[in-house]
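Below: one structure, written as structure tokens.
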Amino acid sequence: MTNVVVVGSQWGDEGKGKIVDWLSERADIVVRFQGGHNAGHTLVIDGVSYKLSLLPSGIVRGGKISVIGNGVVLDPHALVAEIDKLAGQGVKVTPENLRIADNATLILSVHRELDGLREDAASNSGTKIGTTRRGIGPAYEDKVGRRAIRVMDLADMETLPGKVDRILTHHNALRRGLGEKEVSHEAIMQELTSVAERVLPFRETVWELLDKERRKGARILFEGAQGSLLDIDHGTYPFVTSSNTVAGQASAGSGMGPGALGYILGITKAYTTRVGEGPFPTELKDEIGQFLGEKGHEFGTVTGRKRRCGWFDAALVRQSVATNGITGIALTKLDVLDGLDELKICVGYKLDGVQIDHLPASQGAQARVEPVYVTLEGWKESTVGARKWADLPAQAIKYVRQVEELIGAPVALLSTSPEREDTILVTDPFED
Ligand code: GDP
Ligand code: IMO
Ligand code: MG
């Protein structure tokens, strides 16, 4: 028995929410450790769809503890809205089933506004990132700049005003530079105090809770957001998010030491998608890309933007297997490939006429690489809803085997529809 860390191995939206929900039956605690409400995780249970952004995907199951760790940036108003929306779907969120790290950083309105202002300004010069405009980047900047306001500060009216002054000195200087109106101390105090009593009941010393539970033998499931190629260090910088998304962050972003992390499960889509700007060597701008987008319903949960689609890139996932220490993968959306005559998998690139086996880190080189493909025969049969390996057509199995070989990691789970139960278990990550 072990703990399990779920991470995205591509550019996000690999189906982490579905797999975390499925795995959470076997877990006692589900922990978010980075990102914020830039994430959009969709769960489908008996035809009912739940869309989660900030809350861990374990929240929809009874009897589990969901934890928002210190590595998350938390917009308190978004939290309250999500809790209220779930209540409307019959899911009760209480201090019994949700705990929030008292040292998690808060996202304020000034962060959201700055994110939008910068993106608007960059749009005119063609340099935008295509962020979710949720204030994620600016909030992490303030955390690293040591001027952030954290969950625990909402309970301390002695120190909060001074902290608000400190953060506003920085933000009002930025706003003046951007030609925006300054924000008053009173406005931010009001924004924080209006929501404090909805947030504070959930506060927890998370490192201590996890330590105690781990010693008692609880099974802890860590739920990554975004994907490894959006990691601030290992991703396609600067077209990335502002946190470390790789598995090592599960430890720093929750306060549980790395020795207890256990099985690293990389959620991997059977093809590739990306939302926002940035390099995408296997992108398909033709009718096959359109086919994948329509069949896979590739529209962002958070912003509704159309996701860019392309062939599976084994060279990139192989890199994610290394940077995360992936033990095994959950391969999702295999069913979306049903009906294609042939399938391509990228095995490396050509850069200025020379063949290379991994994506270079430089932005210029990333824009110039051309993918090198192997081609496989497709299958005509439907794999939708397959729940047994034996239900898969021979060509689909060949595709899966080829993926495993090229990325250097085995398939532990295989997903064949959005529904919770349409999942094939090969290896139970908690028992590995
Ligand atoms: P996440 O951000 O990684 O949690 O992924 P999203 O929820 O943003 O996007 C994945 C989408 O694919 C969701 O709408 C899921 O319901 C859906 N999905 C997950 N697994 C499968 C699958 O195996 N087949 C199909 N067709 N859809 C899936
Ligand atoms: P889940 O958890 C896909 C992308 C944005 C943008 C970049 C930076 O659902 O997989 P940010 O708002 O984080 O500063 O935006 O990162 N991005 C995601 N793409 N899935 C996500 O989350 C994402 N979260 C952020 O589109 O390109
Ligand atoms: Mg998503």
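Chains: A, B, ... in order of the structure tokens. Residues: from 1 per chain. Ligands: from 1, in order shown.
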
Write out, as CSV, each residue of chain A that has an atom at most 9 Å from ligand 3, together with the closest pair of atoms and their distance in Å to one decimal, counting only C-alpha atoms and all ligand atoms, rows going by chain and rising number.
```
residue,atom,partner,partner_atom_place_in_ligand_line,distance
A:Gly12,CA,ligand 3,1 (Mg),6.0
A:Asp13,CA,ligand 3,1 (Mg),3.8
A:Glu14,CA,ligand 3,1 (Mg),7.1
A:Gly15,CA,ligand 3,1 (Mg),7.0
A:Lys16,CA,ligand 3,1 (Mg),7.6
A:Gly17,CA,ligand 3,1 (Mg),7.7
A:Asn38,CA,ligand 3,1 (Mg),8.4
A:Ala39,CA,ligand 3,1 (Mg),5.4
A:Gly40,CA,ligand 3,1 (Mg),3.8
A:His41,CA,ligand 3,1 (Mg),4.7
A:Thr42,CA,ligand 3,1 (Mg),7.0
A:Leu52,CA,ligand 3,1 (Mg),8.9
A:Ser53,CA,ligand 3,1 (Mg),8.2
A:Ala225,CA,ligand 3,1 (Mg),7.8
A:Gln226,CA,ligand 3,1 (Mg),7.0
A:Gly300,CA,ligand 3,1 (Mg),6.6
A:Thr301,CA,ligand 3,1 (Mg),6.0
A:Val302,CA,ligand 3,1 (Mg),7.5
```

>> Residues within 9 Å of region 91-96 of chain A, please, as a PyMOL selection string. Count only C-alpha atoms; anything in the same chain fewer than 5 positions from it doesn't count.
In response: chain A and resi 59-65+83-86+201-203

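Around Ser415 (chain A), within 8 Å and counting only C-alpha atoms, the residues found are Ala330, Leu331, Thr332, Lys333, Leu334, Asp422, Thr423 and Ile424 of chain A, once anything fewer than 5 positions away on its own chain is removed.
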
> Which residue out of A:Gly145, A:Gly276, A:Gly217, A:Gly310 has the minimum interatomic distance to Ile29 (chain A) when only C-alpha atoms are used?
Replying inline: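 Of the candidates, the smallest distance to Ile29 (chain A) is held by A:Gly217.
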
>> When you look at Val67 (chain A) with a cut-off of 6 Å (counting only C-alpha atoms), what residues show up, excluding the ones that are within fewer than 3 positions of it in the same chain? I need them as a list in words.
In response: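 Contacts, with the query itself left out: Val31, Leu98, Arg99 and Ile100 of chain A.
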
>> I'd like to know which residues of region 25-210 of chain A are alpha helix (DSSP H) (by DSSP, run on the backbone); could you write them as number ranges by chain?
In response: A: 76-88, 109-125, 136-144, 160-177, 185-199, 206-210

>> From the options A:Leu114, A:Leu209, A:Ile45, A:Ile329, which residue's atoms come nearest to Glu421 (chain A), counting only C-alpha atoms?
In response: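 Of A:Leu114, A:Leu209, A:Ile45, A:Ile329, the one nearest Glu421 (chain A) is A:Ile45, counting only C-alpha atoms.
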
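Residue nearest Val7 (chain A), chosen from A:Glu370, A:Asp231, A:Glu419, A:Glu186 and counting only C-alpha atoms: A:Asp231.
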
>> I need the residues of region 41-186 of chain A that end up classed as strand (DSSP E) by DSSP on the backbone, written out as a ChimeraX atom specification.
In response: /A:41-45,48-52,65-68,73-74,98-101,105-106

For the selection you just gave me, I'd like the residues written to a file as a tab-separated table (two decimals), in the first residue's frame, keeping N, CA, C and O atoms.
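Now in again.tsv:
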```tsv
chain	number	residue	atom	x	y	z
A	41	HIS	N	-11.49	20.67	-13.96
A	41	HIS	CA	-11.52	19.21	-13.93
A	41	HIS	C	-12.97	18.74	-14.01
A	41	HIS	O	-13.79	19.10	-13.16
A	42	THR	N	-13.28	17.97	-15.04
A	42	THR	CA	-14.65	17.51	-15.24
A	42	THR	C	-14.80	16.05	-14.83
A	42	THR	O	-14.01	15.20	-15.24
A	43	LEU	N	-15.82	15.79	-14.02
A	43	LEU	CA	-16.12	14.42	-13.58
A	43	LEU	C	-17.52	14.09	-14.09
A	43	LEU	O	-18.40	14.95	-14.04
A	44	VAL	N	-17.70	12.88	-14.57
A	44	VAL	CA	-19.05	12.48	-15.00
A	44	VAL	C	-19.41	11.20	-14.23
A	44	VAL	O	-18.74	10.18	-14.35
A	45	ILE	N	-20.46	11.33	-13.42
A	45	ILE	CA	-20.87	10.19	-12.58
A	45	ILE	C	-22.33	9.89	-12.87
A	45	ILE	O	-23.20	10.72	-12.61
A	48	VAL	N	-24.20	12.54	-14.67
A	48	VAL	CA	-24.20	13.89	-14.08
A	48	VAL	C	-22.77	14.43	-14.11
A	48	VAL	O	-21.83	13.75	-13.69
A	49	SER	N	-22.63	15.66	-14.62
A	49	SER	CA	-21.30	16.23	-14.77
A	49	SER	C	-21.01	17.24	-13.65
A	49	SER	O	-21.85	18.06	-13.29
A	50	TYR	N	-19.81	17.15	-13.07
A	50	TYR	CA	-19.37	18.08	-12.02
A	50	TYR	C	-18.12	18.78	-12.54
A	50	TYR	O	-17.19	18.10	-12.99
A	51	LYS	N	-18.09	20.10	-12.45
A	51	LYS	CA	-16.91	20.84	-12.92
A	51	LYS	C	-16.21	21.49	-11.74
A	51	LYS	O	-16.79	22.35	-11.07
A	52	LEU	N	-15.00	21.06	-11.48
A	52	LEU	CA	-14.25	21.57	-10.33
A	52	LEU	C	-13.04	22.37	-10.79
A	52	LEU	O	-12.39	22.00	-11.76
A	65	ILE	N	-11.54	13.13	3.01
A	65	ILE	CA	-11.12	14.49	3.36
A	65	ILE	C	-10.44	15.10	2.13
A	65	ILE	O	-9.52	14.49	1.56
A	66	SER	N	-10.89	16.28	1.71
A	66	SER	CA	-10.24	17.01	0.62
A	66	SER	C	-9.40	18.11	1.22
A	66	SER	O	-9.84	18.81	2.14
A	67	VAL	N	-8.19	18.27	0.68
A	67	VAL	CA	-7.26	19.24	1.24
A	67	VAL	C	-6.75	20.18	0.15
A	67	VAL	O	-6.38	19.72	-0.93
A	68	ILE	N	-6.75	21.48	0.46
A	68	ILE	CA	-6.09	22.46	-0.41
A	68	ILE	C	-4.78	22.83	0.28
A	68	ILE	O	-4.79	23.42	1.36
A	73	VAL	N	-2.71	28.64	-4.97
A	73	VAL	CA	-3.10	30.05	-4.81
A	73	VAL	C	-4.63	30.10	-4.84
A	73	VAL	O	-5.25	29.61	-5.78
A	74	LEU	N	-5.19	30.66	-3.78
A	74	LEU	CA	-6.62	30.51	-3.53
A	74	LEU	C	-7.36	31.84	-3.64
A	74	LEU	O	-7.07	32.77	-2.88
A	98	LEU	N	-13.53	19.32	3.97
A	98	LEU	CA	-12.57	20.21	3.28
A	98	LEU	C	-11.68	20.90	4.29
A	98	LEU	O	-12.15	21.48	5.27
A	99	ARG	N	-10.37	20.86	4.05
A	99	ARG	CA	-9.40	21.58	4.88
A	99	ARG	C	-8.52	22.42	3.97
A	99	ARG	O	-8.10	21.95	2.91
A	100	ILE	N	-8.23	23.64	4.42
A	100	ILE	CA	-7.40	24.54	3.62
A	100	ILE	C	-6.17	24.94	4.43
A	100	ILE	O	-6.30	25.36	5.59
A	101	ALA	N	-5.01	24.81	3.81
A	101	ALA	CA	-3.77	25.14	4.52
A	101	ALA	C	-3.78	26.60	4.95
A	101	ALA	O	-4.07	27.50	4.15
A	105	THR	N	-1.48	30.92	-0.17
A	105	THR	CA	-1.52	32.31	-0.65
A	105	THR	C	-2.89	32.66	-1.23
A	105	THR	O	-3.48	31.84	-1.94
A	106	LEU	N	-3.35	33.87	-0.95
A	106	LEU	CA	-4.65	34.31	-1.50
A	106	LEU	C	-4.46	35.06	-2.83
A	106	LEU	O	-3.51	35.82	-2.99
```

>> So that I can see what lies close to Ile129 (chain A), please list as a ChimeraX atom specification the residues with an atom at most 8 Å from it, counting only C-alpha atoms and leaving out residues fewer than 3 positions away in the same chain.
In response: /A:119,238-240,276-278

Please produce a file of the residues just selected, as a compact mmCIF listing (two decimals), in the first residue's frame, where the atoms kept are all heavy atoms.
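See again.txt below for the written result:
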```
# COMPACT_ATOMS: atom_id res chain seq x y z
N GLU A 119 -2.24 40.76 -20.23
CA GLU A 119 -2.60 39.99 -21.42
C GLU A 119 -3.14 40.91 -22.51
O GLU A 119 -2.82 40.73 -23.68
CB GLU A 119 -3.63 38.91 -21.06
CG GLU A 119 -3.03 37.72 -20.33
CD GLU A 119 -2.19 36.83 -21.24
OE1 GLU A 119 -2.74 35.99 -21.95
OE2 GLU A 119 -0.94 37.01 -21.21
N PRO A 238 8.30 30.84 -22.15
CA PRO A 238 7.44 31.43 -21.11
C PRO A 238 5.96 31.05 -21.23
O PRO A 238 5.15 31.59 -20.49
CB PRO A 238 7.63 32.93 -21.36
CG PRO A 238 7.78 33.02 -22.85
CD PRO A 238 8.52 31.78 -23.27
N PHE A 239 5.63 30.13 -22.14
CA PHE A 239 4.21 29.76 -22.34
C PHE A 239 3.85 28.66 -21.35
O PHE A 239 3.60 27.50 -21.74
CB PHE A 239 3.97 29.36 -23.79
CG PHE A 239 4.34 30.46 -24.75
CD1 PHE A 239 5.54 30.42 -25.44
CD2 PHE A 239 3.50 31.55 -24.93
CE1 PHE A 239 5.90 31.45 -26.30
CE2 PHE A 239 3.84 32.59 -25.78
CZ PHE A 239 5.05 32.54 -26.47
N VAL A 240 3.84 28.99 -20.10
CA VAL A 240 3.65 28.03 -19.00
C VAL A 240 2.76 28.68 -17.95
O VAL A 240 2.43 29.86 -18.05
CB VAL A 240 5.01 27.65 -18.37
CG1 VAL A 240 5.87 26.86 -19.35
CG2 VAL A 240 5.77 28.89 -17.89
N GLY A 276 -4.27 28.05 -25.22
CA GLY A 276 -3.39 29.21 -25.07
C GLY A 276 -2.25 29.16 -26.08
O GLY A 276 -2.21 28.28 -26.95
N GLU A 277 -1.33 30.11 -25.93
CA GLU A 277 -0.25 30.24 -26.92
C GLU A 277 0.89 29.28 -26.61
O GLU A 277 0.89 28.61 -25.58
CB GLU A 277 0.29 31.68 -26.88
CG GLU A 277 -0.78 32.77 -27.00
CD GLU A 277 -1.61 32.64 -28.25
OE1 GLU A 277 -1.02 32.45 -29.34
OE2 GLU A 277 -2.86 32.72 -28.15
N GLY A 278 1.88 29.24 -27.50
CA GLY A 278 3.10 28.47 -27.24
C GLY A 278 3.32 27.37 -28.26
O GLY A 278 2.42 27.00 -29.00
```

> Which of these residues is nearest to Leu23 (chain A), using only C-alpha atoms: A:Lys295, A:Arg219, A:Arg308, A:Lys350?
Replying inline: A:Arg219

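Minimum distance to ligand 1 across A:Ser184, A:Ser57, A:Thr241, A:Ser320 (counting only C-alpha atoms and all ligand atoms) occurs at A:Ser57.
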
> Nearest to ligand 1: which of A:Asp341, A:Asp115, A:Asp46, A:Asp142 is it, counting only C-alpha atoms and all ligand atoms?
Replying inline: A:Asp46

Region 298-324 of chain A residues near region 280-293 of chain A within 9 Å, closest pair each, using only C-alpha atoms, as CSV:
```
residue,atom,partner,partner_atom,distance
A:Glu298,CA,A:Gly293,CA,4.8
A:Phe299,CA,A:Gly293,CA,7.8
A:Lys306,CA,A:Gly293,CA,7.9
A:Arg307,CA,A:Gly293,CA,7.1
A:Arg308,CA,A:Glu283,CA,6.9
A:Cys309,CA,A:Gly289,CA,5.3
A:Gly310,CA,A:Glu283,CA,4.1
A:Trp311,CA,A:Thr282,CA,5.4
A:Phe312,CA,A:Thr282,CA,7.3
A:Asp313,CA,A:Thr282,CA,6.7
```

> In Å, how far is it from CA of Val426 (chain A) to CA of Pro410 (chain A)?
Replying inline: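 For CA of Val426 (chain A) relative to CA of Pro410 (chain A), the distance reads 9.4 Å.
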
> Could you state the separation of atom 17 (C, counted along the ligand's line) of ligand 1 and CA of Phe222 (chain A) in Å, given to one decimal place?
Replying inline: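 One can read the atom 17 (C, counted along the ligand's line) of ligand 1 to CA of Phe222 (chain A) distance as 19.5 Å.
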